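Have a look at coords.txt below; it lists compact mmCIF, C-alpha atoms.
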```txt
# COMPACT_ATOMS: atom_id res chain seq x y z
CA MET A 25 51.08 164.63 138.91
CA LEU A 26 51.46 164.59 135.11
CA LYS A 27 55.05 165.83 135.44
CA LYS A 28 55.78 163.07 137.95
CA TYR A 29 54.54 160.33 135.56
CA THR A 30 56.36 161.95 132.67
CA LYS A 31 59.65 161.85 134.60
CA ILE A 32 59.04 158.21 135.57
CA SER A 33 58.29 157.30 131.93
CA ILE A 34 61.46 159.01 130.70
CA PHE A 35 63.51 157.26 133.38
CA VAL A 36 62.02 153.85 132.44
CA LEU A 37 62.65 154.52 128.74
CA ILE A 38 66.28 155.48 129.39
CA ALA A 39 66.75 152.37 131.54
CA VAL A 40 65.24 150.10 128.86
CA VAL A 41 67.43 151.63 126.12
CA THR A 42 70.53 151.42 128.34
CA PHE A 43 69.96 147.79 129.31
CA GLY A 44 69.05 146.92 125.72
CA PHE A 45 72.28 148.43 124.45
CA MET A 46 74.29 146.64 127.14
CA PHE A 47 72.63 143.32 126.24
CA TRP A 48 73.38 143.86 122.53
CA TYR A 49 76.98 144.87 123.21
CA ILE A 50 77.66 141.95 125.55
CA ASN A 51 76.05 139.47 123.15
CA LYS A 52 77.90 140.80 120.11
CA TYR A 53 81.33 141.55 121.55
CA LEU A 54 82.00 140.54 125.14
CA TYR A 55 80.33 137.14 124.92
CA LYS A 56 82.13 136.40 121.68
CA PHE A 57 85.39 137.51 123.22
CA PHE A 58 85.07 135.14 126.15
CA ALA A 59 83.42 132.32 124.19
CA SER A 60 85.81 132.34 121.22
CA THR A 61 89.34 131.57 122.28
CA ASN A 62 92.38 131.11 120.08
CA ASN A 63 93.05 127.62 121.48
CA VAL A 64 92.95 124.11 120.08
CA THR A 65 92.42 121.50 122.77
CA VAL A 66 94.73 118.47 122.58
CA ALA A 67 93.96 115.02 124.02
CA MET A 68 96.19 111.95 123.68
CA SER A 69 94.86 108.42 124.20
CA THR A 70 95.20 104.73 123.32
CA ALA A 71 92.57 102.00 123.22
CA LYS A 72 94.36 100.21 126.09
CA GLU A 73 96.71 101.48 128.78
CA THR A 74 98.78 98.28 128.51
CA GLN A 75 100.16 97.12 125.16
CA THR A 76 101.51 93.70 124.23
CA LEU A 77 105.03 93.22 122.95
CA ASN A 78 105.30 93.33 119.14
CA ASN A 79 101.59 94.06 118.63
CA GLU A 80 100.80 97.23 116.70
CA PHE A 81 98.65 99.87 118.41
CA LEU A 82 97.31 103.34 117.64
CA LEU A 83 98.10 106.49 119.57
CA THR A 84 95.28 109.01 119.03
CA VAL A 85 95.91 112.75 119.10
CA ARG A 86 92.56 114.56 119.15
CA LEU A 87 92.51 118.22 118.10
CA SER A 88 89.31 120.16 118.77
CA GLY A 89 87.87 123.62 119.25
CA GLN A 90 88.62 125.30 115.91
CA LEU A 91 88.16 124.90 112.16
CA MET A 92 91.67 123.80 111.17
CA ASN A 93 93.48 123.91 107.82
CA GLY A 94 96.68 122.13 108.80
CA ALA A 95 98.70 120.62 111.62
CA GLU A 96 102.44 120.37 112.23
CA LEU A 97 103.01 117.83 115.01
CA TYR A 98 106.22 116.64 116.67
CA LEU A 99 106.02 113.48 118.78
CA GLU A 100 108.98 112.39 120.93
CA TYR A 101 109.27 108.76 122.06
CA ASP A 102 111.76 106.21 123.42
CA ALA A 103 112.92 104.26 120.35
CA SER A 104 114.52 101.57 122.54
CA LYS A 105 111.01 100.50 123.55
CA LEU A 106 108.74 101.67 120.73
CA GLN A 107 108.97 101.61 116.95
CA TYR A 108 107.04 103.92 114.66
CA PHE A 109 105.34 102.38 111.61
CA LYS A 110 107.82 103.81 109.09
CA ASP A 111 110.71 102.27 111.02
CA TYR A 112 109.44 98.68 111.00
CA ILE A 113 107.46 98.51 107.74
CA VAL A 114 110.31 98.96 105.30
CA ASN A 115 110.15 99.08 101.51
CA VAL A 116 106.36 99.37 101.64
CA LEU A 117 105.50 102.59 99.87
CA PRO A 118 103.55 104.79 99.84
CA GLU A 119 101.84 103.44 102.98
CA SER A 120 101.61 105.75 105.96
CA GLY A 121 101.49 105.26 109.69
CA ILE A 122 98.98 108.10 110.02
CA VAL A 123 95.23 107.48 110.01
CA VAL A 124 93.05 110.61 110.06
CA VAL A 125 89.42 110.43 111.19
CA PRO A 126 87.45 111.76 109.39
CA PRO A 127 89.86 111.02 106.50
CA GLU A 128 88.94 114.12 104.49
CA TYR A 129 89.76 116.51 107.32
CA PHE A 130 93.51 116.35 106.64
CA ASP A 131 93.60 114.67 103.24
CA ARG A 132 97.29 115.23 102.47
CA VAL A 133 100.28 114.17 104.56
CA ILE A 134 103.17 116.39 103.46
CA ILE A 135 105.87 115.10 105.78
CA GLU A 136 106.08 111.88 107.78
CA LYS A 137 109.56 111.09 109.05
CA THR A 138 111.49 110.07 112.14
CA ALA A 139 114.92 111.22 113.31
CA ILE A 140 117.05 111.27 116.45
CA SER A 141 115.57 113.87 118.79
CA PRO A 142 117.62 117.01 119.43
CA ASN A 143 116.69 116.42 123.10
CA GLN A 144 118.61 113.13 123.14
CA PRO A 145 120.63 113.10 126.39
CA VAL A 146 124.36 112.40 126.42
CA PRO A 147 124.74 108.64 127.05
CA THR A 148 126.11 107.64 130.45
CA PRO A 149 128.76 104.88 130.46
CA GLY A 150 127.26 101.61 131.63
CA ALA A 151 123.66 102.88 131.42
CA ASP A 152 120.92 101.14 129.46
CA ALA A 153 120.57 102.17 125.82
CA HIS A 154 118.10 105.00 125.57
CA VAL A 155 117.41 106.64 122.24
CA LEU A 156 114.90 109.45 121.93
CA LYS A 157 113.41 109.81 118.47
CA GLU A 158 111.23 112.56 117.07
CA LEU A 159 108.37 111.91 114.68
CA THR A 160 107.51 114.83 112.39
CA ALA A 161 104.02 114.84 110.85
CA ILE A 162 102.74 117.74 108.74
CA MET A 163 99.21 117.46 107.33
CA VAL A 164 96.87 119.79 105.45
CA ASN A 165 93.46 119.73 103.86
CA THR A 166 93.42 120.56 100.16
CA VAL A 167 89.66 121.15 100.17
CA GLN A 168 87.83 123.12 102.84
CA SER A 169 87.06 120.81 105.76
CA THR A 170 84.09 121.12 108.11
CA GLY A 171 83.82 120.63 111.85
CA ASN A 172 86.10 121.58 114.70
CA SER A 173 87.43 118.18 115.75
CA VAL A 174 89.75 115.60 114.18
CA ASP A 175 91.49 112.43 115.40
CA ILE A 176 95.02 111.79 114.14
CA ASN A 177 96.11 108.21 114.81
CA PHE A 178 99.77 107.16 114.76
CA LYS A 179 100.82 103.50 114.44
CA PHE A 180 103.43 102.20 116.87
CA LYS A 181 104.71 98.75 117.83
CA PRO A 182 106.35 97.87 121.17
CA LYS A 183 109.82 96.34 120.83
CA ALA A 184 110.79 95.95 124.50
CA VAL A 185 108.98 95.36 127.80
CA GLY A 186 108.76 98.36 130.10
CA VAL A 187 107.21 101.80 130.46
CA SER A 188 107.58 104.47 127.80
CA THR A 189 106.12 107.94 127.27
CA ILE A 190 105.11 109.59 124.00
CA THR A 191 105.13 113.39 124.24
CA LEU A 192 103.70 116.00 121.90
CA LEU A 193 106.40 118.68 121.83
CA ALA A 194 105.52 122.31 122.48
CA LYS A 195 106.87 123.37 119.07
CA SER A 196 103.88 121.64 117.44
CA SER A 197 101.37 123.98 115.82
CA VAL A 198 97.93 124.04 114.22
CA VAL A 199 96.79 126.62 111.69
CA GLY A 200 93.39 127.76 110.48
CA ALA A 201 91.37 130.79 109.51
CA ALA A 202 91.16 133.90 111.64
CA GLU A 203 87.77 135.48 112.22
CA GLY A 204 86.54 136.84 108.91
CA GLY A 205 88.30 134.08 106.98
CA ASN A 206 90.80 136.22 105.08
CA THR A 207 94.01 135.57 107.01
CA ALA A 208 95.73 132.50 108.43
CA VAL A 209 96.27 132.19 112.16
CA THR A 210 98.30 129.81 114.33
CA PHE A 211 96.25 128.45 117.23
CA GLU A 212 97.67 127.85 120.68
CA LEU A 213 97.64 124.22 121.82
CA SER A 214 96.13 123.43 125.23
CA PRO A 215 97.80 121.76 126.99
CA ALA A 216 101.01 122.77 125.26
CA ASN A 217 103.04 119.66 126.09
CA PRO A 218 100.69 116.66 126.57
CA SER A 219 102.00 113.10 126.88
CA LYS A 220 100.80 109.50 127.06
CA THR A 221 102.46 106.73 129.08
CA ILE A 222 102.56 103.25 127.50
CA THR A 223 103.16 100.08 129.53
CA VAL A 224 104.46 97.14 127.47
CA VAL A 225 104.11 93.54 128.71
CA GLU A 226 104.91 90.08 127.37
CA ASP A 227 102.21 88.29 125.42
CA GLY A 228 101.36 85.62 128.01
CA GLY A 229 104.86 84.20 127.85
CA THR A 230 104.67 83.73 124.10
CA ILE A 231 107.96 84.55 122.43
CA THR A 232 107.57 86.66 119.34
CA PRO A 233 110.51 86.55 116.93
CA SER A 234 112.15 89.91 116.44
CA GLU A 235 112.91 89.06 112.83
CA GLY A 236 110.62 87.66 110.18
CA PRO A 237 107.17 88.52 108.82
CA THR A 238 105.85 91.92 109.77
CA VAL A 239 102.23 92.87 110.43
CA SER A 240 101.06 95.15 107.66
CA PRO A 241 98.28 97.75 107.96
CA SER A 242 95.83 95.30 106.36
CA ASP A 243 96.57 92.73 109.12
CA GLY A 244 98.21 90.39 106.62
CA LEU A 245 101.75 89.08 106.73
CA THR A 246 104.46 90.61 104.66
CA PRO A 247 107.48 88.37 104.09
CA PRO A 248 110.82 89.88 104.99
CA VAL A 249 112.29 91.93 102.19
CA THR A 250 115.73 90.97 101.04
CA GLU A 251 117.77 94.09 100.71
CA ILE A 252 119.19 94.52 97.23
CA PRO A 253 122.76 95.73 97.40
CA THR A 254 123.31 99.14 95.90
CA PRO A 255 126.10 99.19 93.33
CA SER A 256 129.11 101.00 94.62
CA GLU A 257 129.84 104.37 93.08
CA PRO A 258 133.05 104.76 91.18
CA PRO A 259 135.74 106.70 93.00
CA VAL A 260 135.81 110.44 92.43
CA SER A 261 138.92 110.07 90.31
CA GLN A 262 136.79 108.23 87.75
CA ILE A 263 134.14 110.96 87.70
CA ILE A 264 136.42 113.92 87.27
CA SER A 265 138.62 113.69 84.24
CA PRO A 266 140.11 117.21 84.24
CA PRO A 267 142.67 117.77 86.98
CA ILE A 268 141.96 120.45 89.58
CA SER A 269 144.80 122.89 89.77
CA GLY A 270 145.08 126.36 91.24
CA SER A 271 142.19 128.70 91.95
CA ALA A 272 140.21 131.10 89.82
CA ASN A 273 137.30 133.50 89.68
CA ILE A 274 134.21 131.99 88.10
CA LYS A 275 131.16 133.81 86.75
CA LEU A 276 127.86 132.02 86.19
CA ASN A 277 125.36 133.56 83.75
CA LEU A 278 122.15 131.67 84.57
CA LYS A 279 118.81 131.40 82.82
CA LEU A 280 116.03 130.07 85.07
CA LYS A 281 112.36 129.11 84.89
CA PHE A 282 110.03 129.50 87.88
CA GLN A 283 106.75 127.62 88.27
CA GLY A 284 103.66 129.44 87.02
CA ILE A 285 105.47 132.42 85.44
CA THR A 286 105.02 132.19 81.67
CA THR A 287 105.05 135.85 80.62
CA LEU A 288 106.49 139.14 81.78
CA PRO A 289 105.20 139.77 85.35
CA LYS A 290 103.40 142.88 86.51
CA GLU A 291 105.43 146.08 86.89
CA GLY A 292 107.19 146.07 90.24
CA SER A 293 107.61 142.28 90.27
CA ARG A 294 110.20 141.92 87.51
CA THR A 295 113.22 141.29 89.70
CA MET A 296 113.81 138.75 92.47
CA ASP A 297 116.70 137.80 94.72
CA VAL A 298 117.79 134.20 94.22
CA ALA A 299 120.27 132.19 96.31
CA VAL A 300 122.86 130.40 94.17
CA GLY A 301 125.33 127.93 95.66
CA VAL A 302 128.13 125.83 94.19
CA ALA A 303 129.64 122.68 95.64
CA PRO A 304 132.73 121.46 93.77
CA ILE A 305 133.53 117.77 93.93
CA PRO A 306 135.51 116.36 95.72
CA TYR A 307 136.02 119.55 97.75
CA VAL A 308 132.48 119.74 99.14
CA HIS A 309 133.79 121.81 102.06
CA LEU A 310 134.32 124.62 99.54
CA SER A 311 130.57 124.96 99.06
CA ARG A 312 129.65 128.64 98.64
CA GLU A 313 126.36 130.52 98.39
CA LYS A 314 125.57 134.03 97.21
CA ILE A 315 122.44 136.08 96.60
CA ALA A 316 122.00 137.41 93.05
CA THR A 317 119.29 139.60 91.50
CA PHE A 318 117.49 137.99 88.57
CA THR A 319 115.46 139.92 85.98
CA ALA A 320 112.29 138.73 84.23
CA GLN A 321 112.25 138.29 80.45
CA GLY A 322 109.30 138.50 78.08
CA ASP A 323 109.17 134.72 77.58
CA GLY A 324 108.77 134.02 81.31
CA THR A 325 112.42 133.16 81.95
CA TRP A 326 114.74 134.95 84.38
CA THR A 327 118.38 135.86 83.87
CA GLY A 328 121.07 136.81 86.34
CA SER A 329 124.76 136.45 87.13
CA VAL A 330 126.78 135.50 90.17
CA GLU A 331 130.54 135.38 90.72
CA PHE A 332 132.62 133.15 92.97
CA GLU A 333 136.25 133.74 93.87
CA ASP A 334 139.05 131.31 94.73
CA LEU A 335 137.34 128.20 93.44
CA PRO A 336 139.27 125.38 91.74
CA SER A 337 140.19 126.56 88.25
CA TYR A 338 138.23 123.62 86.81
CA PHE A 339 135.83 121.42 88.70
CA ALA A 340 132.85 119.13 88.43
CA GLY A 341 130.10 119.50 90.99
CA THR A 342 126.61 120.75 91.67
CA ILE A 343 124.71 124.04 91.70
CA TYR A 344 121.94 124.82 94.19
CA ILE A 345 119.23 127.37 93.37
CA LYS A 346 116.53 128.66 95.74
CA GLY A 347 114.08 131.43 94.89
CA PRO A 348 112.43 133.68 97.50
CA LYS A 349 109.24 131.56 97.51
CA HIS A 350 110.61 128.33 96.13
CA ILE A 351 111.98 124.88 96.97
CA LYS A 352 115.75 124.56 96.63
CA LYS A 353 116.79 122.71 93.46
CA LYS A 354 120.06 120.84 92.96
CA VAL A 355 121.37 120.82 89.37
CA CYS A 356 124.08 118.43 88.22
CA SER A 357 124.01 118.93 84.43
CA ASN A 358 125.04 121.76 82.14
CA SER A 359 121.85 121.17 80.13
CA PRO A 360 119.27 119.65 82.53
CA LYS A 361 115.93 118.36 81.29
CA GLU A 362 112.94 116.83 83.07
CA PRO A 363 110.11 114.48 82.04
CA VAL A 364 107.47 116.43 83.99
CA PRO A 365 107.60 120.00 85.36
CA GLY A 366 109.45 119.96 88.66
CA GLY A 367 110.58 116.37 88.20
CA TYR A 368 114.29 116.92 87.50
CA ARG A 369 116.68 114.93 89.68
CA CYS A 370 120.43 114.50 89.41
CA GLY A 371 121.32 111.24 87.69
CA ALA A 372 123.74 108.66 89.05
CA PHE A 373 127.32 109.95 88.88
CA GLU A 374 126.09 113.06 87.01
CA LEU A 375 128.14 116.20 87.67
CA LEU A 376 128.13 119.69 86.24
CA ASN A 377 131.39 120.97 84.70
CA ILE A 378 132.35 124.59 85.28
CA LYS A 379 135.48 126.22 83.89
CA GLU A 380 137.46 129.29 84.85
CA GLY A 381 135.96 132.59 83.69
CA VAL A 382 132.45 132.96 82.26
CA ASN A 383 130.00 130.04 82.17
CA ASP A 384 126.67 130.42 80.36
CA LEU A 385 124.18 127.92 81.82
CA ASP A 386 120.62 127.57 80.53
CA PHE A 387 118.44 125.89 83.18
CA SER A 388 115.14 127.07 81.68
CA SER A 389 114.19 123.52 80.66
CA ILE A 390 113.53 122.65 84.31
CA VAL A 391 110.98 124.32 86.60
CA LEU A 392 111.81 125.67 90.05
CA LEU A 393 108.76 124.83 92.17
CA ALA A 394 107.07 127.46 94.36
CA GLY A 395 105.37 127.22 97.75
CA ASP A 396 108.00 127.62 100.49
CA LEU A 397 106.85 131.09 101.51
CA PRO A 398 108.82 133.63 103.54
CA ILE A 399 109.96 133.10 106.24
CA GLN A 400 111.32 130.00 104.48
CA ASN A 401 111.96 126.75 106.33
CA GLY A 402 112.92 124.46 103.46
CA VAL A 403 109.55 122.76 103.04
CA ILE A 404 106.01 123.45 101.85
CA ASP A 405 103.96 123.02 105.01
CA ALA A 406 100.57 123.71 106.54
CA VAL A 407 101.43 127.34 107.27
CA ASP A 408 102.25 128.02 103.59
CA ILE A 409 99.07 126.37 102.33
CA ALA A 410 96.83 128.01 104.94
CA PHE A 411 98.25 131.46 104.09
CA ILE A 412 97.49 131.04 100.37
CA ARG A 413 94.00 129.71 101.03
CA GLN A 414 93.03 132.42 103.49
CA THR A 415 94.31 135.30 101.35
CA LEU A 416 92.63 134.36 98.07
CA ARG A 417 91.61 137.39 95.99
CA ASN A 418 93.85 139.55 98.15
CA GLN A 419 95.81 142.42 96.61
CA ASP A 420 97.40 143.83 99.76
CA THR A 421 101.03 144.70 98.97
CA ASP A 422 102.58 142.92 101.95
CA LYS A 423 100.54 139.77 101.36
CA LEU A 424 101.30 139.79 97.63
CA GLN A 425 105.02 139.85 98.34
CA ARG A 426 104.60 136.66 100.31
CA GLY A 427 101.87 134.72 98.52
CA ASP A 428 101.63 135.85 94.87
CA LEU A 429 103.54 132.94 93.35
CA ASN A 430 102.97 133.62 89.65
CA LEU A 431 103.45 137.42 90.05
CA ASP A 432 100.19 138.39 88.34
CA GLY A 433 99.26 140.97 91.00
CA ILE A 434 96.72 138.92 92.96
CA ILE A 435 96.63 135.86 95.20
CA ASP A 436 94.12 133.55 93.55
CA THR A 437 93.30 129.92 92.75
CA GLN A 438 96.25 129.72 90.36
CA ASP A 439 98.64 130.34 93.26
CA TYR A 440 96.76 127.80 95.37
CA SER A 441 96.93 125.19 92.59
CA MET A 442 100.67 125.80 92.23
CA VAL A 443 101.43 125.15 95.88
CA LEU A 444 99.28 121.99 95.85
CA SER A 445 101.04 120.61 92.76
CA ALA A 446 104.43 121.24 94.41
CA LEU A 447 103.44 119.23 97.51
CA GLY A 448 104.67 115.99 95.98
CA PHE A 449 108.25 117.23 96.09
CA LYS A 450 108.09 118.40 99.75
CA TYR A 451 111.66 119.27 100.68
CA ASP A 452 114.58 121.46 99.75
CA GLU A 453 117.26 119.34 98.08
CA GLU A 454 120.30 118.89 100.27
```
Encoded form (structure tokens):
Amino acid sequence: MLKKYTKISIFVLIAVVTFGFMFWYINKYLYKFFASTNNVTVAMSTAKETQTLNNEFLLTVRLSGQLMNGAELYLEYDASKLQYFKDYIVNVLPESGIVVVPPEYFDRVIIEKTAISPNQPVPTPGADAHVLKELTAIMVNTVQSTGNSVDINFKFKPKAVGVSTITLLAKSSVVGAAEGGNTAVTFELSPANPSKTITVVEDGGTITPSEGPTVSPSDGLTPPVTEIPTPSEPPVSQIISPPISGSANIKLNLKLKFQGITTLPKEGSRTMDVAVGVAPIPYVHLSREKIATFTAQGDGTWTGSVEFEDLPSYFAGTIYIKGPKHIKKKVCSNSPKEPVPGGYRCGAFELLNIKEGVNDLDFSSIVLLAGDLPIQNGVIDAVDIAFIRQTLRNQDTDKLQRGDLNLDGIIDTQDYSMVLSALGFKYDEE
């Protein structure tokens, strides 16, 4: 009998341990696996389904389900029926058509622009005008946000009666922190291609002038702005005094300065490949670009050379420089200077003169801003900022190659501060 109870006790003990282990495993791993998805839920809405002609309204895009560091959204709409804020509030800067709730969740709008959509159909003869436009909005938080939900409101105004649809394109993305908080991750949007249909009606028969005062964000009236004519540029013949004759080989010996690098970098980070392009005026079609290796100097500057063949033997033009983690800079002076670091811009009618043979050009008085990380897309965006933030204090070789902006051997708050300070300049220069 004792043996029988002993066997029963052992069996019960084994069962309790087994079920206890299964409960612990399911709670720790399987439950988390099924409960924690990699999705951000998207919902699009307006306060009213029907909007009144010429009255501003908000389209709300709600993102929820994750702690997010940045969003890159692309909205496509029919510009023959709807106008985005930036298109009807002109010469009012730096006002934005984006209202974030809570406002600190995405506290910095990096890009807000509209352009003709690449999906614009080929117009059919005799058909009604139909112009698809694409709104690009890239936002980040520069301090760590809390919560897993944010409303992003976009201001539109109806310009024609009818039905129109605003669609969030599938190429939109949201980034945040992966589990553990040390790497950035791109979340999947669900649904991937949501849309909102807007019906526009007349305002009770009241005719609203298409020209005249415009409703501003503060609900006041802004008088129409009289456009100030831009003085015409002198013809190229007045800019270029030396004649262009023949072709020649030209060598550029360049001295550059990159943001945040003030001394000799760590061993192994003392060379970098830099893209250098030249665009002679008036022969812009002769624009060339080559990759050259630049070497760090003890004073924090970088030197390198690049050669171009079959260029005009003497020309005035521009030079474009883009580092491996940097915003492209256009230079139009043989001795450029800037009032604040990163603030250099080509002056009116300013052109750089390059002669046949060797040209020594010292550009170390201007700073090439960092932040457009590999794989580069010509802009500092949410992906770049999220990567820096989520890899702070990281010394992994692969991550350093991408995110160590000042080449001191670690991704830290200095790199993060650099990319934030470069946000004000946003784009590659064309």
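When only C-alpha atoms are used to measure the gap to A:Ser388, the shortest distance among A:Leu97, A:Ile285, A:Ile122, A:Leu431 belongs to A:Ile285.
Among the candidates A:Val146, A:Ile390, A:Ile315, A:Ile222, the residue lying nearest to A:Ser359 is A:Ile390 (atoms considered: only C-alpha atoms).
A straight line drawn from atom CA of A:Asn217 to atom CA of A:Val66 is 9.1 Å long.
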**Asked** Near A:Thr421, within 10 Å and counting all atoms listed in the file, which residues show up once chain neighbours fewer than 6 positions away are dropped, as a list in words?
**Response** Asp428, Gly433 and Ile434 of chain A
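Using all atoms listed in the file for every distance, the candidate list A:Gly121, A:Pro126, A:Ser104, A:Ser173 yields A:Ser104 as the residue closest to A:Thr189.
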Assuming 6 Å of padding per side, give the centre and edge lengths of the axis-aligned box around every listed atom of stretch 423-431 of chain A, in Å to one decimal and as AutoDock Vina command-line options.
```
--center_x 102.8 --center_y 136.4 --center_z 95.5 --size_x 16.5 --size_y 18.9 --size_z 23.7
```
**Prompt:** Smallest atom-to-atom distance to A:Leu82: which of A:Asp111, A:Glu96, A:Glu158, A:Asp175, using only C-alpha atoms?
**Reply:** A:Asp175
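Of the listed residues (A:Asn358, A:Ser293, A:Ser389, A:Thr327), A:Ser293 comes nearest to A:Leu424; the distances count only C-alpha atoms.
For A:Lys181, the list of residues within 6 Å, based on all atoms listed in the file and with local chain neighbours fewer than 5 positions off taken out, reads Asn78, Asn79, Glu80, Leu106 and Gln107 of chain A.
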Residues from last step as file, C-alpha atoms, as a PDB file, in the coordinates of the input:
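Contents of out_19.pdb, as written:
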```pdb
ATOM      1  CA  ASN A  78     105.300  93.330 119.140  1.00  0.00           C
ATOM      2  CA  ASN A  79     101.590  94.060 118.630  1.00  0.00           C
ATOM      3  CA  GLU A  80     100.800  97.230 116.700  1.00  0.00           C
ATOM      4  CA  LEU A 106     108.740 101.670 120.730  1.00  0.00           C
ATOM      5  CA  GLN A 107     108.970 101.610 116.950  1.00  0.00           C
TER       6      GLN A 107
END
```
**Asked** A:Leu429, A:Ile140, A:Ala394, A:Leu376: which is nearest A:Ser445, counting only C-alpha atoms?
**Response** A:Ala394
